[in-house]
Amino acid sequence: MNHSSSPQSPAYWIVVPAAGVGARMGADCPKQYLPLVGKTVIEHTLERLLALPNIAGIYLVLGADDNYWNDLSLAQNNRIQRVAGGAERCDSVLNALEQLFDNASPNDWVLVHDAARPCVHVQSVLHLIEQVKTHPVGGILGVPVSDTLKQVNNSIIDSTVDRRLLWQAQTPQMFRLGLLRDCLQRGLAEGKLITDESSALESYGYQPLMVQGRSDNIKITRPEDLAIAAMLLQQQI
């Protein structure tokens with residue numbers, strides 16, 4: 001999968017961190033392998049990403065003791081490269097970026113997408129790419145917060161937060177390979193709190209673009225999310 005690209009035409013790569021165990025699901029296998037409308041969660045996610053045009057390759061980050069992936073037919077897909085995961089999501093993403101560095105230019109774009117977001121629309125990802133490809137830093141998909149938000153202290157409501165400035169971050173999150181790798185490396189070395197790729201860049205003063213996505217790009221975190229995702233997928237079909 002040796003795609004080198006010139007600075008004039010950066011390539012687009014995808015990194016899918018899927019090394020987590022999904023503890024909040026309380027299931028007997030990692031959440032990305034739970035059944036969802038005739039497939040596993042991760043198959044839905046990867047099939048959508050594979051449908052994107054002009055993607056140079058997908059780097060899938062899996063736990064060292066992942067015994068599920070090889071049973072899936074997608075494991076034979078030569079556009080998907082398996083990478084060993086790390087302790088946290090940010091370590092896993094960094095592992096993929098380090099491997100990607102052998103095949104790619106620092107100027108290439110990387111889209112990092114959660115394995116547990118199987119309902120993402122190809123159209124939304126194309127919109128993200130279109131909006132961000134000329135941006136100096138990069139950008140992410142998100143939606144404006146619609147619920148009323150409360151600041152709470154020991155179960156007591158302190159105040160209502162002005163939600164007009166608040167957005168819910170989603171994935172994909174799209175950044176230049178070199179910049180993202182540098183910020184993750186530095187952030188991990190300096191013990192920064194890195195909750196998503198964007199936060200790694202923000203902590204060094206970069207200002208990514210927020211691109212409006214769709215509210216049905218949900219992340220499967222708790223058992224009830226699986227039923228919601230099934231409904232959404234069936235509607236989308």
# chains A, B, ... in the order shown; residues from 1 in each chain; ligands from 1
call {"tool": "residues_around", "arguments": {"residues": "A:Met210", "least_positions_apart": "4", "cutoff": "9 Å", "atoms": "only C-alpha atoms", "output": "PyMOL selection string"}}
result
chain A and resi 139-143+167+169
call {"tool": "residues_around", "arguments": {"residues": "A:Ala51", "least_positions_apart": "3", "cutoff": "8 Å", "atoms": "only C-alpha atoms", "output": "list of chain:residue names"}}
result
A:Glu47, A:Arg48, A:Val122
call {"tool": "write_last_selection", "arguments": {"atoms": "N, CA and C atoms", "output": "PDB file, in the first residue's frame"}}
result
ATOM      1  N   GLU A  47     -17.719  -0.356   5.773  1.00  0.00           N
ATOM      2  CA  GLU A  47     -18.304  -0.379   4.426  1.00  0.00           C
ATOM      3  C   GLU A  47     -18.637   1.037   3.959  1.00  0.00           C
ATOM      4  N   ARG A  48     -19.087   1.879   4.891  1.00  0.00           N
ATOM      5  CA  ARG A  48     -19.375   3.276   4.518  1.00  0.00           C
ATOM      6  C   ARG A  48     -18.086   4.005   4.141  1.00  0.00           C
ATOM      7  N   VAL A 122     -21.942   8.957   3.894  1.00  0.00           N
ATOM      8  CA  VAL A 122     -20.859   9.233   2.946  1.00  0.00           C
ATOM      9  C   VAL A 122     -20.907  10.707   2.530  1.00  0.00           C
TER      10      VAL A 122
END
call {"tool": "residues_around", "arguments": {"residues": "stretch 130-136 of chain A", "least_positions_apart": "6", "cutoff": "12 Å", "atoms": "only C-alpha atoms", "output": "count of residues only"}}
result
26
call {"tool": "atom_distance", "arguments": {"atom1": "atom CA of A:Asn77", "atom2": "atom CA of A:Ala230"}}
result
24.8 Å
call {"tool": "select_by_dssp", "arguments": {"residues": "stretch 18-148 of chain A", "states": "helix (DSSP H, G or I)", "output": "PyMOL selection string"}}
result
chain A and resi 23-25+31-33+41-50+69-71+73-76+89-100+122-132
call {"tool": "residues_around", "arguments": {"residues": "A:Thr45", "least_positions_apart": "3", "cutoff": "7 Å", "atoms": "only C-alpha atoms", "output": "VMD selection string"}}
result
chain A and resid 41 to 42 48 to 49 115 117 to 118
call {"tool": "write_last_selection", "arguments": {"atoms": "N, CA, C and O atoms", "output": "CSV table (one decimal), in the first residue's frame"}}
result
chain,number,residue,atom,x,y,z
A,41,VAL,N,-21.2,-4.1,14.0
A,41,VAL,CA,-21.1,-2.6,14.0
A,41,VAL,C,-20.0,-2.2,13.1
A,41,VAL,O,-20.1,-1.3,12.3
A,42,ILE,N,-18.8,-2.8,13.3
A,42,ILE,CA,-17.6,-2.3,12.6
A,42,ILE,C,-17.7,-2.6,11.1
A,42,ILE,O,-17.2,-1.8,10.3
A,48,ARG,N,-19.1,1.9,4.9
A,48,ARG,CA,-19.4,3.3,4.5
A,48,ARG,C,-18.1,4.0,4.1
A,48,ARG,O,-18.1,4.8,3.2
A,49,LEU,N,-17.0,3.8,4.9
A,49,LEU,CA,-15.8,4.4,4.6
A,49,LEU,C,-15.1,3.9,3.3
A,49,LEU,O,-14.6,4.7,2.6
A,115,ALA,N,-14.9,3.7,15.3
A,115,ALA,CA,-15.5,2.4,14.8
A,115,ALA,C,-17.0,2.3,15.2
A,115,ALA,O,-17.8,1.6,14.5
A,117,ARG,N,-19.3,4.5,15.1
A,117,ARG,CA,-20.3,5.4,14.5
A,117,ARG,C,-20.6,4.8,13.1
A,117,ARG,O,-20.2,5.3,12.1
A,118,PRO,N,-21.5,3.8,13.1
A,118,PRO,CA,-21.8,3.1,11.9
A,118,PRO,C,-22.8,3.8,11.0
A,118,PRO,O,-23.1,3.4,9.8
call {"tool": "select_by_dssp", "arguments": {"residues": "stretch 73-209 of chain A", "states": "strand (DSSP E or B)", "output": "MDAnalysis selection string"}}
result
chainID A and resid 80:84 109:112 138:144 149:153 156:161 167:176 209
call {"tool": "residues_around", "arguments": {"residues": "A:Ala18", "least_positions_apart": "5", "cutoff": "7 Å", "atoms": "only C-alpha atoms", "output": "ChimeraX atom specification"}}
result
/A:60-62,115
call {"tool": "write_last_selection", "arguments": {"atoms": "all heavy atoms", "output": "short mmCIF file (atom, residue, chain, number, x, y, z; two decimals), in the first residue's frame"}}
result
data_model
loop_
_atom_site.label_atom_id
_atom_site.label_comp_id
_atom_site.auth_asym_id
_atom_site.auth_seq_id
_atom_site.Cartn_x
_atom_site.Cartn_y
_atom_site.Cartn_z
N LEU A 60 -6.75 0.34 10.38
CA LEU A 60 -7.67 -0.11 11.43
C LEU A 60 -6.86 -0.52 12.65
O LEU A 60 -6.01 -1.40 12.57
CB LEU A 60 -8.50 -1.29 10.90
CG LEU A 60 -9.45 -1.95 11.89
CD1 LEU A 60 -10.57 -0.99 12.29
CD2 LEU A 60 -10.04 -3.22 11.28
N VAL A 61 -7.13 0.16 13.77
CA VAL A 61 -6.33 -0.10 14.98
C VAL A 61 -7.10 -1.06 15.88
O VAL A 61 -8.21 -0.75 16.34
CB VAL A 61 -6.05 1.21 15.74
CG1 VAL A 61 -4.97 0.97 16.79
CG2 VAL A 61 -5.61 2.32 14.78
N LEU A 62 -6.51 -2.23 16.11
CA LEU A 62 -7.19 -3.28 16.89
C LEU A 62 -6.37 -3.67 18.10
O LEU A 62 -5.14 -3.56 18.10
CB LEU A 62 -7.41 -4.52 16.01
CG LEU A 62 -8.29 -4.33 14.78
CD1 LEU A 62 -8.25 -5.57 13.90
CD2 LEU A 62 -9.73 -4.00 15.18
N ALA A 115 -14.93 3.66 15.26
CA ALA A 115 -15.50 2.39 14.80
C ALA A 115 -16.97 2.27 15.21
O ALA A 115 -17.77 1.62 14.53
CB ALA A 115 -14.71 1.22 15.39
#
call {"tool": "residues_around", "arguments": {"residues": "stretch 184-186 of chain A", "least_positions_apart": "6", "cutoff": "9 Å", "atoms": "only C-alpha atoms", "output": "ChimeraX atom specification"}}
result
/A:90-91,93-94,192,194,197,200-201
call {"tool": "closest_residue", "arguments": {"among": "A:Ala19, A:Leu74, A:Leu165, A:Ile156", "to": "A:Pro144", "atoms": "only C-alpha atoms"}}
result
A:Leu165
call {"tool": "closest_residue", "arguments": {"among": "A:Gly26, A:Gly38, A:Gly191, A:Pro17", "to": "A:Ile58", "atoms": "only C-alpha atoms"}}
result
A:Pro17
call {"tool": "atom_distance", "arguments": {"atom1": "atom CA of A:Arg181", "atom2": "atom CA of A:Leu97"}}
result
6.3 Å
call {"tool": "residues_around", "arguments": {"residues": "A:Gly20", "least_positions_apart": "4", "cutoff": "10 Å", "atoms": "only C-alpha atoms", "output": "list in words"}}
result
Pro30, Lys31, Gln32, Val61, Leu62, Gly63, Asp66, Gly85, Gly86, Ala87, Glu88, Arg89, Ser92 and Ala115 of chain A
call {"tool": "write_last_selection", "arguments": {"atoms": "all heavy atoms", "output": "mmCIF file, in the first residue's frame"}}
result
data_model
loop_
_atom_site.group_PDB
_atom_site.id
_atom_site.type_symbol
_atom_site.label_atom_id
_atom_site.label_comp_id
_atom_site.auth_asym_id
_atom_site.auth_seq_id
_atom_site.Cartn_x
_atom_site.Cartn_y
_atom_site.Cartn_z
ATOM 1 N N PRO A 30 -16.262 -6.895 22.469
ATOM 2 C CA PRO A 30 -16.147 -5.449 22.249
ATOM 3 C C PRO A 30 -17.324 -4.935 21.414
ATOM 4 O O PRO A 30 -17.813 -5.632 20.524
ATOM 5 C CB PRO A 30 -14.826 -5.314 21.491
ATOM 6 C CG PRO A 30 -14.042 -6.532 21.859
ATOM 7 C CD PRO A 30 -15.065 -7.626 22.022
ATOM 8 N N LYS A 31 -17.748 -3.709 21.702
ATOM 9 C CA LYS A 31 -18.991 -3.205 21.093
ATOM 10 C C LYS A 31 -18.941 -3.162 19.571
ATOM 11 O O LYS A 31 -19.973 -3.304 18.913
ATOM 12 C CB LYS A 31 -19.334 -1.823 21.652
ATOM 13 C CG LYS A 31 -18.324 -0.742 21.318
ATOM 14 C CD LYS A 31 -18.696 0.589 21.973
ATOM 15 C CE LYS A 31 -17.616 1.631 21.752
ATOM 16 N NZ LYS A 31 -17.925 2.894 22.467
ATOM 17 N N GLN A 32 -17.723 -3.011 19.008
ATOM 18 C CA GLN A 32 -17.657 -2.927 17.550
ATOM 19 C C GLN A 32 -18.006 -4.254 16.865
ATOM 20 O O GLN A 32 -18.242 -4.284 15.665
ATOM 21 C CB GLN A 32 -16.275 -2.438 17.087
ATOM 22 C CG GLN A 32 -15.095 -3.247 17.554
ATOM 23 C CD GLN A 32 -14.516 -2.726 18.865
ATOM 24 O OE1 GLN A 32 -15.239 -2.127 19.660
ATOM 25 N NE2 GLN A 32 -13.233 -2.945 19.102
ATOM 26 N N VAL A 61 -7.128 0.162 13.773
ATOM 27 C CA VAL A 61 -6.335 -0.096 14.978
ATOM 28 C C VAL A 61 -7.103 -1.059 15.883
ATOM 29 O O VAL A 61 -8.207 -0.748 16.338
ATOM 30 C CB VAL A 61 -6.051 1.212 15.741
ATOM 31 C CG1 VAL A 61 -4.972 0.973 16.786
ATOM 32 C CG2 VAL A 61 -5.606 2.317 14.780
ATOM 33 N N LEU A 62 -6.510 -2.230 16.112
ATOM 34 C CA LEU A 62 -7.190 -3.279 16.889
ATOM 35 C C LEU A 62 -6.366 -3.670 18.104
ATOM 36 O O LEU A 62 -5.136 -3.558 18.097
ATOM 37 C CB LEU A 62 -7.406 -4.519 16.009
ATOM 38 C CG LEU A 62 -8.290 -4.327 14.775
ATOM 39 C CD1 LEU A 62 -8.248 -5.571 13.898
ATOM 40 C CD2 LEU A 62 -9.725 -4.000 15.178
ATOM 41 N N GLY A 63 -7.055 -4.136 19.133
ATOM 42 C CA GLY A 63 -6.367 -4.616 20.329
ATOM 43 C C GLY A 63 -5.499 -5.824 19.999
ATOM 44 O O GLY A 63 -5.796 -6.595 19.083
ATOM 45 N N ASP A 66 -7.353 -9.150 19.967
ATOM 46 C CA ASP A 66 -8.612 -9.140 19.218
ATOM 47 C C ASP A 66 -8.736 -10.447 18.427
ATOM 48 O O ASP A 66 -7.989 -10.684 17.483
ATOM 49 C CB ASP A 66 -8.620 -7.935 18.263
ATOM 50 C CG ASP A 66 -9.930 -7.777 17.516
ATOM 51 O OD1 ASP A 66 -10.450 -8.786 16.999
ATOM 52 O OD2 ASP A 66 -10.429 -6.645 17.445
ATOM 53 N N GLY A 85 -3.158 -1.625 18.667
ATOM 54 C CA GLY A 85 -3.653 -0.515 19.467
ATOM 55 C C GLY A 85 -2.756 -0.186 20.641
ATOM 56 O O GLY A 85 -1.808 -0.916 20.958
ATOM 57 N N GLY A 86 -3.062 0.940 21.298
ATOM 58 C CA GLY A 86 -2.323 1.356 22.487
ATOM 59 C C GLY A 86 -3.234 1.404 23.699
ATOM 60 O O GLY A 86 -4.382 0.955 23.639
ATOM 61 N N ALA A 87 -2.730 1.983 24.781
ATOM 62 C CA ALA A 87 -3.470 2.005 26.046
ATOM 63 C C ALA A 87 -4.757 2.811 25.926
ATOM 64 O O ALA A 87 -5.813 2.391 26.397
ATOM 65 C CB ALA A 87 -2.583 2.583 27.144
ATOM 66 N N GLU A 88 -4.675 3.986 25.303
ATOM 67 C CA GLU A 88 -5.838 4.854 25.148
ATOM 68 C C GLU A 88 -6.083 5.102 23.665
ATOM 69 O O GLU A 88 -5.227 4.807 22.833
ATOM 70 C CB GLU A 88 -5.599 6.206 25.847
ATOM 71 C CG GLU A 88 -5.354 6.117 27.346
ATOM 72 C CD GLU A 88 -6.604 5.702 28.114
ATOM 73 O OE1 GLU A 88 -7.723 5.914 27.599
ATOM 74 O OE2 GLU A 88 -6.465 5.154 29.222
ATOM 75 N N ARG A 89 -7.235 5.690 23.365
ATOM 76 C CA ARG A 89 -7.567 5.992 21.970
ATOM 77 C C ARG A 89 -6.460 6.806 21.304
ATOM 78 O O ARG A 89 -6.050 6.521 20.179
ATOM 79 C CB ARG A 89 -8.892 6.757 21.924
ATOM 80 C CG ARG A 89 -9.278 7.234 20.527
ATOM 81 C CD ARG A 89 -10.202 8.443 20.601
ATOM 82 N NE ARG A 89 -10.318 9.112 19.313
ATOM 83 C CZ ARG A 89 -11.236 8.846 18.410
ATOM 84 N NH1 ARG A 89 -12.132 7.929 18.643
ATOM 85 N NH2 ARG A 89 -11.262 9.502 17.263
ATOM 86 N N SER A 92 -3.594 4.756 20.319
ATOM 87 C CA SER A 92 -3.935 3.928 19.159
ATOM 88 C C SER A 92 -3.857 4.725 17.865
ATOM 89 O O SER A 92 -3.289 4.268 16.865
ATOM 90 C CB SER A 92 -5.358 3.361 19.313
ATOM 91 O OG SER A 92 -5.402 2.414 20.353
ATOM 92 N N ALA A 115 -14.933 3.659 15.263
ATOM 93 C CA ALA A 115 -15.503 2.388 14.804
ATOM 94 C C ALA A 115 -16.968 2.274 15.205
ATOM 95 O O ALA A 115 -17.769 1.621 14.530
ATOM 96 C CB ALA A 115 -14.709 1.224 15.392
#
call {"tool": "atom_distance", "arguments": {"atom1": "atom CA of A:Ser159", "atom2": "atom CA of A:Thr195"}}
result
24.5 Å
call {"tool": "closest_residue", "arguments": {"among": "A:Leu233, A:Leu177, A:Ala227, A:Leu34", "to": "A:Val112", "atoms": "only C-alpha atoms"}}
result
A:Leu177
call {"tool": "decode", "arguments": {"residues": "stretch 17-90 of chain A", "atoms": "C-alpha atoms", "output": "PDB file, in the first residue's frame"}}
result
ATOM      1  CA  PRO A  17      -9.427   3.279  16.250  1.00  0.00           C
ATOM      2  CA  ALA A  18     -11.160   0.042  17.317  1.00  0.00           C
ATOM      3  CA  ALA A  19      -8.939  -1.249  20.117  1.00  0.00           C
ATOM      4  CA  GLY A  20     -11.355  -0.386  22.947  1.00  0.00           C
ATOM      5  CA  VAL A  21     -13.338  -2.975  24.866  1.00  0.00           C
ATOM      6  CA  GLY A  22     -16.521  -0.916  25.209  1.00  0.00           C
ATOM      7  CA  ALA A  23     -16.888  -1.458  28.950  1.00  0.00           C
ATOM      8  CA  ARG A  24     -20.073   0.636  29.211  1.00  0.00           C
ATOM      9  CA  MET A  25     -21.925  -1.764  26.920  1.00  0.00           C
ATOM     10  CA  GLY A  26     -21.662  -4.604  29.437  1.00  0.00           C
ATOM     11  CA  ALA A  27     -21.476  -7.066  26.514  1.00  0.00           C
ATOM     12  CA  ASP A  28     -19.343 -10.182  26.291  1.00  0.00           C
ATOM     13  CA  CYS A  29     -17.451  -8.907  23.245  1.00  0.00           C
ATOM     14  CA  PRO A  30     -16.147  -5.449  22.249  1.00  0.00           C
ATOM     15  CA  LYS A  31     -18.991  -3.205  21.093  1.00  0.00           C
ATOM     16  CA  GLN A  32     -17.657  -2.927  17.550  1.00  0.00           C
ATOM     17  CA  TYR A  33     -18.401  -6.647  17.067  1.00  0.00           C
ATOM     18  CA  LEU A  34     -21.974  -6.584  18.368  1.00  0.00           C
ATOM     19  CA  PRO A  35     -24.630  -7.572  15.813  1.00  0.00           C
ATOM     20  CA  LEU A  36     -26.431  -4.711  14.096  1.00  0.00           C
ATOM     21  CA  VAL A  37     -28.921  -5.164  11.227  1.00  0.00           C
ATOM     22  CA  GLY A  38     -27.381  -8.331   9.816  1.00  0.00           C
ATOM     23  CA  LYS A  39     -23.715  -7.374  10.283  1.00  0.00           C
ATOM     24  CA  THR A  40     -21.394  -6.279  13.055  1.00  0.00           C
ATOM     25  CA  VAL A  41     -21.115  -2.599  14.013  1.00  0.00           C
ATOM     26  CA  ILE A  42     -17.603  -2.347  12.568  1.00  0.00           C
ATOM     27  CA  GLU A  43     -18.640  -3.845   9.222  1.00  0.00           C
ATOM     28  CA  HIS A  44     -21.285  -1.140   8.754  1.00  0.00           C
ATOM     29  CA  THR A  45     -18.742   1.553   9.662  1.00  0.00           C
ATOM     30  CA  LEU A  46     -15.983   0.259   7.377  1.00  0.00           C
ATOM     31  CA  GLU A  47     -18.304  -0.379   4.426  1.00  0.00           C
ATOM     32  CA  ARG A  48     -19.375   3.276   4.518  1.00  0.00           C
ATOM     33  CA  LEU A  49     -15.769   4.445   4.626  1.00  0.00           C
ATOM     34  CA  LEU A  50     -14.771   2.085   1.811  1.00  0.00           C
ATOM     35  CA  ALA A  51     -17.549   3.639  -0.315  1.00  0.00           C
ATOM     36  CA  LEU A  52     -15.749   7.006  -0.274  1.00  0.00           C
ATOM     37  CA  PRO A  53     -14.006   7.840  -3.552  1.00  0.00           C
ATOM     38  CA  ASN A  54     -10.243   8.508  -3.681  1.00  0.00           C
ATOM     39  CA  ILE A  55      -9.307   7.079  -0.297  1.00  0.00           C
ATOM     40  CA  ALA A  56      -5.706   5.812  -0.326  1.00  0.00           C
ATOM     41  CA  GLY A  57      -6.264   3.249   2.441  1.00  0.00           C
ATOM     42  CA  ILE A  58      -7.737   2.537   5.859  1.00  0.00           C
ATOM     43  CA  TYR A  59      -5.620   1.906   8.944  1.00  0.00           C
ATOM     44  CA  LEU A  60      -7.671  -0.108  11.425  1.00  0.00           C
ATOM     45  CA  VAL A  61      -6.335  -0.096  14.978  1.00  0.00           C
ATOM     46  CA  LEU A  62      -7.190  -3.279  16.889  1.00  0.00           C
ATOM     47  CA  GLY A  63      -6.367  -4.616  20.329  1.00  0.00           C
ATOM     48  CA  ALA A  64      -3.488  -7.104  20.500  1.00  0.00           C
ATOM     49  CA  ASP A  65      -5.827  -9.851  21.722  1.00  0.00           C
ATOM     50  CA  ASP A  66      -8.612  -9.140  19.218  1.00  0.00           C
ATOM     51  CA  ASN A  67      -9.884 -12.567  18.140  1.00  0.00           C
ATOM     52  CA  TYR A  68     -12.938 -11.327  16.271  1.00  0.00           C
ATOM     53  CA  TRP A  69     -11.615  -9.350  13.310  1.00  0.00           C
ATOM     54  CA  ASN A  70     -10.140 -12.271  11.370  1.00  0.00           C
ATOM     55  CA  ASP A  71     -13.544 -13.983  11.262  1.00  0.00           C
ATOM     56  CA  LEU A  72     -14.993 -11.135   9.197  1.00  0.00           C
ATOM     57  CA  SER A  73     -14.732 -11.170   5.405  1.00  0.00           C
ATOM     58  CA  LEU A  74     -13.493  -7.544   5.498  1.00  0.00           C
ATOM     59  CA  ALA A  75     -10.289  -8.830   7.129  1.00  0.00           C
ATOM     60  CA  GLN A  76      -9.284  -9.973   3.613  1.00  0.00           C
ATOM     61  CA  ASN A  77      -9.790  -6.498   2.118  1.00  0.00           C
ATOM     62  CA  ASN A  78      -6.403  -5.256   0.932  1.00  0.00           C
ATOM     63  CA  ARG A  79      -7.390  -1.607   1.403  1.00  0.00           C
ATOM     64  CA  ILE A  80      -7.536  -2.175   5.170  1.00  0.00           C
ATOM     65  CA  GLN A  81      -4.286  -2.352   7.086  1.00  0.00           C
ATOM     66  CA  ARG A  82      -4.292  -3.716  10.643  1.00  0.00           C
ATOM     67  CA  VAL A  83      -2.372  -1.781  13.322  1.00  0.00           C
ATOM     68  CA  ALA A  84      -1.807  -2.702  16.983  1.00  0.00           C
ATOM     69  CA  GLY A  85      -3.653  -0.515  19.467  1.00  0.00           C
ATOM     70  CA  GLY A  86      -2.323   1.356  22.487  1.00  0.00           C
ATOM     71  CA  ALA A  87      -3.470   2.005  26.046  1.00  0.00           C
ATOM     72  CA  GLU A  88      -5.838   4.854  25.148  1.00  0.00           C
ATOM     73  CA  ARG A  89      -7.567   5.992  21.970  1.00  0.00           C
ATOM     74  CA  CYS A  90      -4.928   8.706  21.407  1.00  0.00           C
TER      75      CYS A  90
END
